[in-house]
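Asks: Attaching a single structure in structure tokens format; questions to follow.
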Amino acid sequence: MVLIELGLVFVGMALLARLSSRVGLSPIPLYLVAGLAVGTGGLVPLDLSEEFIALGADIGVVLLLFMLGLEYTSAELRGALRDGLPVGLVNVGLNLVPGVLAGFALGFSPLGALALGGITYATSSGVSAKVLTDLERLGNRETPAVLGILVLEDLSMAIYLPVLVALLVGTGVAQGVLSLAVALLAVAIALVLALRYGERISSVIASRSQEVVLLTVLGLILVVAGIAEELQVSSAVGAFLVGLALSGGVADRARALLGPLRDLFAATFFLFFGLQIVPGTLLDMLGIAVALAVVTGLTKIATGWLAATRLGVGRFGRWRAGAALVPRGEFSIVVAGLAAGVEPDLSPLAAAYVLLLAFVGPVLMRFADPIVSWVVDRTPGARAARGA
């Protein structure tokens, strides 16, 4: 029975993907709604194996970030990180601080407020990477600006999460500092390997057999991502760095071989994301979530606009970069889960907030250019030019 239900779910997602391609939208919002519909409290709840779906979802995020890493060279990453660091600090102020302030305004404890700040801060790398791929924008001039922000956010979460966990479980400052040191060391080692020894890694993986390349690359991705996660570093960062390390023919073959797997497991990720949300819990927190989404959606757009401006990107590209940072996702749900015992209202608030921005973000990304054109056409200068 489970196989039948799982098969029907995949067929249903295929129909949703077909529908989205016809109307020119990303299928992500439809996958999220499908997850809500077949999850607990949904219209047609199914008895799916959550462990199986969760594993597929984890693999989906890992493959999305691996494929994103394949699109860039180590030199491009160094440039993006160097140029994006000032904007990264602005990003913390614009997007983490509002969540903390909102937490205090809602009467949360200091830990609860800090957790809400983490929820509003981190863009969903999985959602953004998927939509950029769907819209064929990986080669756009503004995409390195988006990439720099995403990488900096994932690296900063390697600092934030160990500290938050240490505070939540009360292990003390010493344990928190130790966890943080281990996380930073793991990131540093991975960066050195990716940036300095990428060509050697590629030469070891190279083979005439597609099967050998597929199994080697997939195994390497999962091992590195798993080690990163065990060291309290984002598994997405580990997968991204593996993609960055590969070059030449190996990168081309990995892109072709793993593309279909990425699409399959990415769809599973968004389905599982919706499955985790009980629709009935969203209503009580919907008003607060909408207000928070509006504020932090605008601050993310400002962050992307600033990052793209620093790279000399044009007007439309700046707004596209801002829209690409609007979606929230996997990190926000992880933080909410960690702090649920401290603030019971945090989980439903995070679910409503994330669902809104995971839905609105891809739509904004798709229609960024028409929206900007519509706004510009209605400025006084544009009206005067038309009348001249």
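Ordering of the structure tokens sets the chain letters (A, B, ...); residue numbers start at 1 within each chain; ligands are numbered from 1 in the order shown.
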List as a tab-separated table every residue of stretch 54-141 of chain A that is in contact with stretch 311-332 of chain A, defined as an atom at most 9 Å from one of its atoms (using only C-alpha atoms), together with the nearest atom pair and the distance in Å rounded to one decimal, sorted by chain and then rising number.
Replies:
```
residue	atom	partner	partner_atom	distance
A:Val61	CA	A:Glu330	CA	8.7
A:Asp83	CA	A:Leu311	CA	8.0
A:Ala115	CA	A:Ser332	CA	8.9
A:Leu116	CA	A:Ser332	CA	8.5
A:Gly118	CA	A:Ser332	CA	6.8
A:Ile119	CA	A:Ser332	CA	4.2
A:Thr120	CA	A:Ser332	CA	7.2
A:Tyr121	CA	A:Ser332	CA	8.2
A:Ala122	CA	A:Arg328	CA	6.4
A:Thr123	CA	A:Arg328	CA	4.7
A:Ser124	CA	A:Arg328	CA	4.5
A:Ser125	CA	A:Gly329	CA	7.9
A:Gly126	CA	A:Gly329	CA	7.7
A:Val127	CA	A:Pro327	CA	6.6
A:Ser128	CA	A:Ala324	CA	5.8
A:Ala129	CA	A:Ala324	CA	8.7
A:Val131	CA	A:Ala324	CA	8.2
A:Leu132	CA	A:Ala324	CA	7.8
A:Asn140	CA	A:Gly317	CA	8.1
A:Arg141	CA	A:Val313	CA	6.5
```
Asks: Extract, using only C-alpha atoms, all DNA, RNA and protein residues at most 10 Å from A:Ser203, discarding same-chain residues fewer than 5 positions from it, and format them as a PyMOL selection string.
Replies: chain A and resi 198+246-250
Asks: Identify which of the residues A:Ile149, A:Met157, A:Leu356, A:Val165 lies closest to A:Gly337, counting only C-alpha atoms when measuring atom-to-atom distances.
Replies: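 Of the candidates, the smallest distance to A:Gly337 is held by A:Val165.
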Asks: Between A:Leu283, A:Val62, A:Ala267, A:Leu6, which residue has the minimum interatomic distance to A:Ile28, considering only C-alpha atoms?
Replies: A:Ala267
Asks: Would you list the contacts of A:Leu114 as a count of residues only, taking every protein, DNA or RNA residue within 10 Å and counting only C-alpha atoms, but skipping same-chain residues closer than 3 positions in sequence?
Replies: 19
Asks: Give me the residues near A:Val38 as a CSV table (one decimal) with N, CA, C and O atoms, in the first residue's frame, where near means some atom within 12 Å (using only C-alpha atoms) and where sequence neighbours in that chain fewer than 6 positions away do not count.
Replies:
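Okay, this is what ended up in part-v2.csv:
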```
chain,number,residue,atom,x,y,z
A,5,GLU,N,0.8,4.4,-2.6
A,5,GLU,CA,0.6,5.8,-2.3
A,5,GLU,C,1.8,6.7,-2.7
A,5,GLU,O,1.6,7.8,-3.2
A,6,LEU,N,3.0,6.2,-2.5
A,6,LEU,CA,4.2,6.9,-3.0
A,6,LEU,C,4.2,7.1,-4.5
A,6,LEU,O,4.5,8.2,-5.0
A,8,LEU,N,1.5,7.3,-6.4
A,8,LEU,CA,0.5,8.3,-6.7
A,8,LEU,C,1.0,9.7,-6.4
A,8,LEU,O,0.7,10.6,-7.1
A,9,VAL,N,1.8,9.8,-5.3
A,9,VAL,CA,2.3,11.1,-5.0
A,9,VAL,C,3.2,11.6,-6.1
A,9,VAL,O,3.2,12.8,-6.5
A,12,GLY,N,1.3,12.6,-9.1
A,12,GLY,CA,0.7,13.9,-8.8
A,12,GLY,C,1.6,15.0,-8.9
A,12,GLY,O,1.3,16.1,-9.5
A,13,MET,N,2.9,14.9,-8.4
A,13,MET,CA,3.9,15.9,-8.5
A,13,MET,C,4.3,16.1,-10.0
A,13,MET,O,4.6,17.3,-10.4
A,31,TYR,N,4.2,22.1,-5.1
A,31,TYR,CA,4.7,21.0,-4.3
A,31,TYR,C,4.4,21.2,-2.8
A,31,TYR,O,4.0,20.3,-2.0
A,32,LEU,N,4.6,22.5,-2.3
A,32,LEU,CA,4.3,22.8,-0.9
A,32,LEU,C,2.8,22.6,-0.6
A,32,LEU,O,2.5,22.0,0.4
A,44,VAL,N,-6.4,15.0,2.1
A,44,VAL,CA,-6.3,13.5,1.8
A,44,VAL,C,-5.0,13.0,2.5
A,44,VAL,O,-4.0,12.7,1.8
A,45,PRO,N,-5.0,12.9,3.8
A,45,PRO,CA,-3.8,12.5,4.5
A,45,PRO,C,-3.4,11.1,4.1
A,45,PRO,O,-4.2,10.1,4.1
A,46,LEU,N,-2.1,10.9,3.8
A,46,LEU,CA,-1.6,9.6,3.4
A,46,LEU,C,-0.7,9.0,4.4
A,46,LEU,O,0.0,9.8,5.1
A,47,ASP,N,-0.6,7.7,4.5
A,47,ASP,CA,0.2,7.0,5.5
A,47,ASP,C,1.6,6.8,4.9
A,47,ASP,O,2.0,5.6,4.7
A,48,LEU,N,2.3,7.9,4.6
A,48,LEU,CA,3.6,7.8,4.0
A,48,LEU,C,4.7,7.6,5.1
A,48,LEU,O,4.5,8.0,6.2
A,50,GLU,N,7.5,8.8,6.9
A,50,GLU,CA,8.1,10.1,7.1
A,50,GLU,C,9.7,10.0,7.1
A,50,GLU,O,10.4,10.9,6.6
A,271,LEU,N,8.0,18.6,-1.1
A,271,LEU,CA,6.8,17.8,-0.6
A,271,LEU,C,6.9,17.6,0.9
A,271,LEU,O,5.9,17.8,1.7
A,272,PHE,N,8.0,17.2,1.4
A,272,PHE,CA,8.2,16.9,2.8
A,272,PHE,C,8.1,18.1,3.6
A,272,PHE,O,7.6,18.1,4.7
A,273,PHE,N,8.6,19.2,3.1
A,273,PHE,CA,8.4,20.5,3.8
A,273,PHE,C,7.0,20.8,4.1
A,273,PHE,O,6.6,21.2,5.2
A,274,GLY,N,6.1,20.6,3.1
A,274,GLY,CA,4.7,20.8,3.3
A,274,GLY,C,4.1,19.8,4.2
A,274,GLY,O,3.2,20.1,5.0
A,275,LEU,N,4.6,18.5,4.2
A,275,LEU,CA,4.1,17.5,5.0
A,275,LEU,C,4.3,17.8,6.5
A,275,LEU,O,3.5,17.4,7.4
A,276,GLN,N,5.3,18.5,6.8
A,276,GLN,CA,5.7,18.8,8.2
A,276,GLN,C,4.7,19.9,8.8
A,276,GLN,O,4.7,20.0,10.1
A,277,ILE,N,4.0,20.5,8.0
A,277,ILE,CA,3.1,21.6,8.5
A,277,ILE,C,1.7,21.1,8.7
A,277,ILE,O,1.1,20.6,7.7
A,278,VAL,N,1.1,21.3,9.9
A,278,VAL,CA,-0.3,20.9,10.1
A,278,VAL,C,-1.1,22.2,9.8
A,278,VAL,O,-1.0,23.2,10.4
A,279,PRO,N,-2.0,22.1,8.8
A,279,PRO,CA,-2.7,23.3,8.3
A,279,PRO,C,-3.4,24.1,9.4
A,279,PRO,O,-3.5,25.3,9.5
```
Asks: What lies within 9 Å of A:Leu214 using only C-alpha atoms, ignoring chain neighbours under 2 positions off, as a VMD selection string?
Replies: chain A and resid 209 to 212 216 to 219 253 to 254 257 to 258
Asks: Looking at only C-alpha atoms, which of A:Gly69, A:Gly139, A:Gly238, A:Pro98 is the one that sits closest to A:Ile189?
Replies: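 Nearest to A:Ile189: A:Gly238.
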Asks: When DSSP works through the backbone of this structure, what residues of stretch 55-181 of chain A end up as alpha helix (DSSP H), shown as JSON, numbers by chain?
Replies: {"A": [55, 56, 57, 58, 59, 60, 61, 62, 63, 64, 65, 66, 67, 68, 69, 70, 74, 75, 76, 77, 78, 79, 80, 81, 82, 83, 84, 85, 86, 87, 88, 89, 90, 91, 97, 98, 99, 100, 101, 102, 103, 104, 105, 110, 111, 112, 113, 114, 115, 116, 117, 118, 119, 120, 121, 125, 126, 127, 128, 129, 130, 131, 132, 133, 134, 143, 144, 145, 146, 147, 148, 149, 150, 151, 152, 153, 154, 155, 156, 157, 158, 159, 160, 161, 162, 163, 164, 165, 166, 167, 168, 169, 172, 173, 174, 175, 176, 177, 178, 179, 180, 181]}
Asks: Hey, which of A:Val33, A:Ala352, A:Leu147, A:Ala302 ends up closest to A:Val90? Count only C-alpha atoms.
Replies: A:Ala302
Asks: What gap, in Å, lies between atom CA of A:Ala145 and atom CA of A:Gly243?
Replies: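 Atom CA of A:Gly243 lies at a distance of 18.0 Å from atom CA of A:Ala145.
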Asks: When distances are computed from only C-alpha atoms, which of A:Val342, A:Ala266, A:Leu85, A:Val334 shows the smallest separation from A:Val354?
Replies: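 Using only C-alpha atoms, the shortest distance to A:Val354 belongs to A:Val334.
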Asks: How many Å lie between atom CA of A:Pro370 and atom CA of A:Leu150, rounded to one decimal?
Replies: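 Taking atom CA of A:Pro370 as the start and atom CA of A:Leu150 as the end point, the length is 24.8 Å.
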Asks: When you count only C-alpha atoms, which of these residues is closest to A:Ala206: A:Ala228, A:Val363, A:Leu152, A:Ala251?
Replies: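 Of all the options, A:Ala251 lies closest to A:Ala206.
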Asks: Set the distance at 10 Å and use only C-alpha atoms: which residues neighbour A:Leu349 once local chain neighbours fewer than 3 positions away are removed? I'd like the list as a list in words.
Replies: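 Returned residues: Leu116, Ile119, Thr281, Leu282, Leu283, Asp284, Met285, Leu286, Gly287, Ile288, Ala289, Val290, Leu292, Ala336, Pro344, Asp345, Leu346, Ala352, Tyr353, Val354 and Leu355 of chain A.
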Asks: Expressed in Å to a single decimal, how great is the separation between atom CA of A:Glu199 and atom CA of A:Phe265?
Replies: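 Here the two named atoms are 28.0 Å from each other.
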